[in-house]
Amino acid sequence: MFRMLFFLLLCTALLYAPAGAQSQATTGVIRGFVRDQFNNPIGNATIVLKETGTNYQRTLTSSDLGMFTATLLPLGFYDVTVQAEGQAEVRQTGVQVRVGETVELVVNMVLQMDEMVIVAARPTVDITQSETATRLPEEAVRDLPNNGRNFLNLTLLTPGVSIVQGPDGDELTIAGQRGIHNNISVHT
């Protein structure tokens, strides 16, 4: 009787042991390194992990060696945002965490630039002109190599301009129009 009871307990334990081990593997890990543009580690960086499906969020801080580890993460897709003093924020989306998987990330940060204001010297759109035109700067005409010294080759620098085979040989097409419908003016 004792042997029979022992045998039943042993079978029950062996039957449920794999199921118990499987129930522990329902999470994943994101581990990584934060470094600057010169591959130096960035310590004390703030790492925010946000699972996009459930909005679960965890915040970590990198070690002095730039390392971070987030264990026991729920499965899903994560947005990873890294911030450090003096560095531009880095965001990586779509980091997938699968069952029992360790995702390795290397976050390369760059220096944060101050705000830059750019002022155009002339308007972007010339409201007095109804046709499409591109004015090439004098430097482009002077400095670009021009095989055969054919000035029409410079028109190929304009977006939407290409050479096609026409009935009388090569023609310039502008925005898909036949060559006969185009006008090219050269001003000196």
# chains A, B, ... in the order shown; residues from 1 in each chain; ligands from 1

$ select_by_dssp --residues "segment 14-86 of chain A" --states "strand (DSSP E or B)" --output "ChimeraX atom specification"
/A:27-35,41,46-51,57-61,67-74,76-83

$ residues_around --residues "Thr81 of chain A" --least-positions-apart "2" --cutoff "10 Å" --atoms "only C-alpha atoms" --output "tab-separated table (two decimals) with all heavy atoms, in the first residue's frame"
chain	number	residue	atom	x	y	z
A	46	THR	N	18.22	58.08	-18.04
A	46	THR	CA	16.88	57.60	-17.71
A	46	THR	C	16.33	56.83	-18.90
A	46	THR	O	16.28	57.36	-20.02
A	46	THR	CB	15.95	58.78	-17.37
A	46	THR	OG1	16.53	59.49	-16.28
A	46	THR	CG2	14.57	58.30	-17.00
A	47	ILE	N	15.92	55.59	-18.65
A	47	ILE	CA	15.37	54.73	-19.70
A	47	ILE	C	13.92	54.46	-19.34
A	47	ILE	O	13.62	53.98	-18.25
A	47	ILE	CB	16.14	53.40	-19.81
A	47	ILE	CG1	17.61	53.65	-20.14
A	47	ILE	CG2	15.52	52.50	-20.86
A	47	ILE	CD1	18.53	53.60	-19.00
A	48	VAL	N	13.01	54.79	-20.26
A	48	VAL	CA	11.58	54.55	-20.05
A	48	VAL	C	11.14	53.49	-21.06
A	48	VAL	O	11.29	53.67	-22.27
A	48	VAL	CB	10.75	55.84	-20.22
A	48	VAL	CG1	9.27	55.55	-20.06
A	48	VAL	CG2	11.21	56.90	-19.24
A	49	LEU	N	10.60	52.39	-20.55
A	49	LEU	CA	10.07	51.31	-21.37
A	49	LEU	C	8.56	51.34	-21.29
A	49	LEU	O	8.00	51.28	-20.19
A	49	LEU	CB	10.58	49.95	-20.87
A	49	LEU	CG	12.09	49.81	-20.70
A	49	LEU	CD1	12.41	48.52	-20.00
A	49	LEU	CD2	12.78	49.90	-22.02
A	50	LYS	N	7.89	51.46	-22.43
A	50	LYS	CA	6.43	51.54	-22.43
A	50	LYS	C	5.88	50.51	-23.42
A	50	LYS	O	6.18	50.57	-24.61
A	50	LYS	CB	5.97	52.94	-22.82
A	50	LYS	CG	4.47	53.12	-22.75
A	50	LYS	CD	4.09	54.55	-23.03
A	50	LYS	CE	2.59	54.74	-22.88
A	50	LYS	NZ	2.19	56.12	-23.18
A	59	THR	N	10.46	52.60	-15.58
A	59	THR	CA	11.55	53.56	-15.70
A	59	THR	C	12.77	53.01	-15.00
A	59	THR	O	12.69	52.52	-13.87
A	59	THR	CB	11.14	54.91	-15.06
A	59	THR	OG1	9.94	55.37	-15.70
A	59	THR	CG2	12.23	55.94	-15.25
A	78	TYR	N	7.47	47.28	-27.26
A	78	TYR	CA	7.84	48.37	-26.36
A	78	TYR	C	8.41	49.55	-27.14
A	78	TYR	O	9.11	49.37	-28.15
A	78	TYR	CB	8.88	47.91	-25.34
A	78	TYR	CG	8.30	47.07	-24.23
A	78	TYR	CD1	8.05	45.72	-24.42
A	78	TYR	CD2	7.99	47.63	-23.01
A	78	TYR	CE1	7.50	44.95	-23.42
A	78	TYR	CE2	7.43	46.87	-21.99
A	78	TYR	CZ	7.20	45.52	-22.20
A	78	TYR	OH	6.66	44.78	-21.20
A	79	ASP	N	8.10	50.75	-26.65
A	79	ASP	CA	8.79	51.96	-27.08
A	79	ASP	C	9.83	52.25	-26.00
A	79	ASP	O	9.50	52.32	-24.81
A	79	ASP	CB	7.83	53.15	-27.19
A	79	ASP	CG	6.89	53.02	-28.38
A	79	ASP	OD1	7.18	52.20	-29.27
A	79	ASP	OD2	5.88	53.74	-28.42
A	83	GLN	N	16.96	59.27	-22.07
A	83	GLN	CA	17.31	60.67	-21.88
A	83	GLN	C	18.53	60.74	-20.97
A	83	GLN	O	18.63	59.99	-20.00
A	83	GLN	CB	16.17	61.44	-21.23
A	83	GLN	CG	14.92	61.50	-22.07
A	83	GLN	CD	13.76	62.15	-21.31
A	83	GLN	OE1	13.66	62.03	-20.11
A	83	GLN	NE2	12.90	62.83	-22.05
A	89	GLU	N	17.48	63.31	-26.86
A	89	GLU	CA	16.66	62.15	-26.53
A	89	GLU	C	16.66	61.15	-27.68
A	89	GLU	O	16.60	61.52	-28.85
A	89	GLU	CB	15.23	62.61	-26.25
A	89	GLU	CG	14.27	61.49	-25.91
A	89	GLU	CD	12.88	61.99	-25.62
A	89	GLU	OE1	12.67	62.54	-24.52
A	89	GLU	OE2	12.01	61.86	-26.50
A	90	VAL	N	16.73	59.87	-27.34
A	90	VAL	CA	16.71	58.79	-28.33
A	90	VAL	C	15.47	57.95	-28.07
A	90	VAL	O	15.19	57.60	-26.92
A	90	VAL	CB	17.98	57.91	-28.24
A	90	VAL	CG1	17.88	56.73	-29.18
A	90	VAL	CG2	19.22	58.73	-28.53
A	91	ARG	N	14.74	57.65	-29.14
A	91	ARG	CA	13.53	56.83	-29.00
A	91	ARG	C	13.59	55.72	-30.03
A	91	ARG	O	13.83	55.95	-31.21
A	91	ARG	CB	12.29	57.68	-29.22
A	91	ARG	CG	11.02	56.90	-28.99
A	91	ARG	CD	9.83	57.80	-28.95
A	91	ARG	NE	8.66	57.00	-28.63
A	91	ARG	CZ	7.45	57.34	-28.91
A	91	ARG	NH1	7.22	58.51	-29.49
A	91	ARG	NH2	6.44	56.57	-28.61
A	92	GLN	N	13.35	54.50	-29.54
A	92	GLN	CA	13.31	53.34	-30.41
A	92	GLN	C	11.95	52.68	-30.23
A	92	GLN	O	11.54	52.40	-29.10
A	92	GLN	CB	14.44	52.37	-30.07
A	92	GLN	CG	14.56	51.24	-31.04
A	92	GLN	CD	15.83	50.43	-30.82
A	92	GLN	OE1	16.67	50.79	-30.02
A	92	GLN	NE2	15.96	49.34	-31.53
A	93	THR	N	11.26	52.43	-31.33
A	93	THR	CA	9.91	51.87	-31.25
A	93	THR	C	9.90	50.45	-31.79
A	93	THR	O	10.78	50.04	-32.54
A	93	THR	CB	8.91	52.72	-32.06
A	93	THR	OG1	9.33	52.74	-33.43
A	93	THR	CG2	8.84	54.14	-31.54
A	107	VAL	N	22.19	51.77	-27.23
A	107	VAL	CA	21.65	53.09	-27.48
A	107	VAL	C	22.81	54.05	-27.65
A	107	VAL	O	23.59	54.27	-26.72
A	107	VAL	CB	20.73	53.55	-26.32
A	107	VAL	CG1	20.18	54.92	-26.60
A	107	VAL	CG2	19.62	52.54	-26.10

$ atom_distance --atom1 "atom CA of Pro159 of chain A" --atom2 "atom CA of Glu139 of chain A"
18.3 Å

$ closest_residue --among "A:Val29, A:Ala88, A:Leu60, A:Val164" --to "Leu75 of chain A" --atoms "only C-alpha atoms"
A:Val29

$ residues_around --residues "Thr26 of chain A" --least-positions-apart "4" --cutoff "10 Å" --atoms "only C-alpha atoms" --output "compact mmCIF listing (two decimals) with C-alpha atoms, in the first residue's frame"
# COMPACT_ATOMS: atom_id res chain seq x y z
CA GLN A 22 6.37 26.64 -18.06
CA LEU A 72 10.13 40.30 -15.75
CA LEU A 73 8.66 42.44 -18.51
CA PRO A 74 5.21 41.52 -19.83
CA LEU A 75 5.30 40.29 -23.43
CA ARG A 98 8.92 37.36 -26.46
CA VAL A 99 8.57 34.54 -23.94
CA GLY A 100 11.85 33.98 -22.07
CA GLU A 101 13.78 36.17 -24.51

$ residues_around --residues "His181 of chain A" --least-positions-apart "6" --cutoff "12 Å" --atoms "only C-alpha atoms" --output "list in words"
Glu171, Leu172, Thr173, Ile174 and Ala175 of chain A

$ write_last_selection --atoms "N, CA and C atoms" --output "short mmCIF file (atom, residue, chain, number, x, y, z; two decimals), in the first residue's frame"
data_model
loop_
_atom_site.label_atom_id
_atom_site.label_comp_id
_atom_site.auth_asym_id
_atom_site.auth_seq_id
_atom_site.Cartn_x
_atom_site.Cartn_y
_atom_site.Cartn_z
N GLU A 171 15.22 63.54 -76.04
CA GLU A 171 14.46 64.74 -75.70
C GLU A 171 14.46 64.89 -74.19
N LEU A 172 14.37 66.12 -73.74
CA LEU A 172 14.20 66.40 -72.33
C LEU A 172 12.72 66.34 -72.00
N THR A 173 12.37 65.60 -70.97
CA THR A 173 11.00 65.60 -70.51
C THR A 173 10.96 66.25 -69.14
N ILE A 174 10.02 67.13 -68.95
CA ILE A 174 9.88 67.85 -67.68
C ILE A 174 8.50 67.51 -67.14
N ALA A 175 8.49 66.90 -65.95
CA ALA A 175 7.26 66.50 -65.28
C ALA A 175 6.39 65.62 -66.18
#

$ atom_distance --atom1 "atom CA of Leu65 of chain A" --atom2 "atom CA of Ile42 of chain A"
6.8 Å
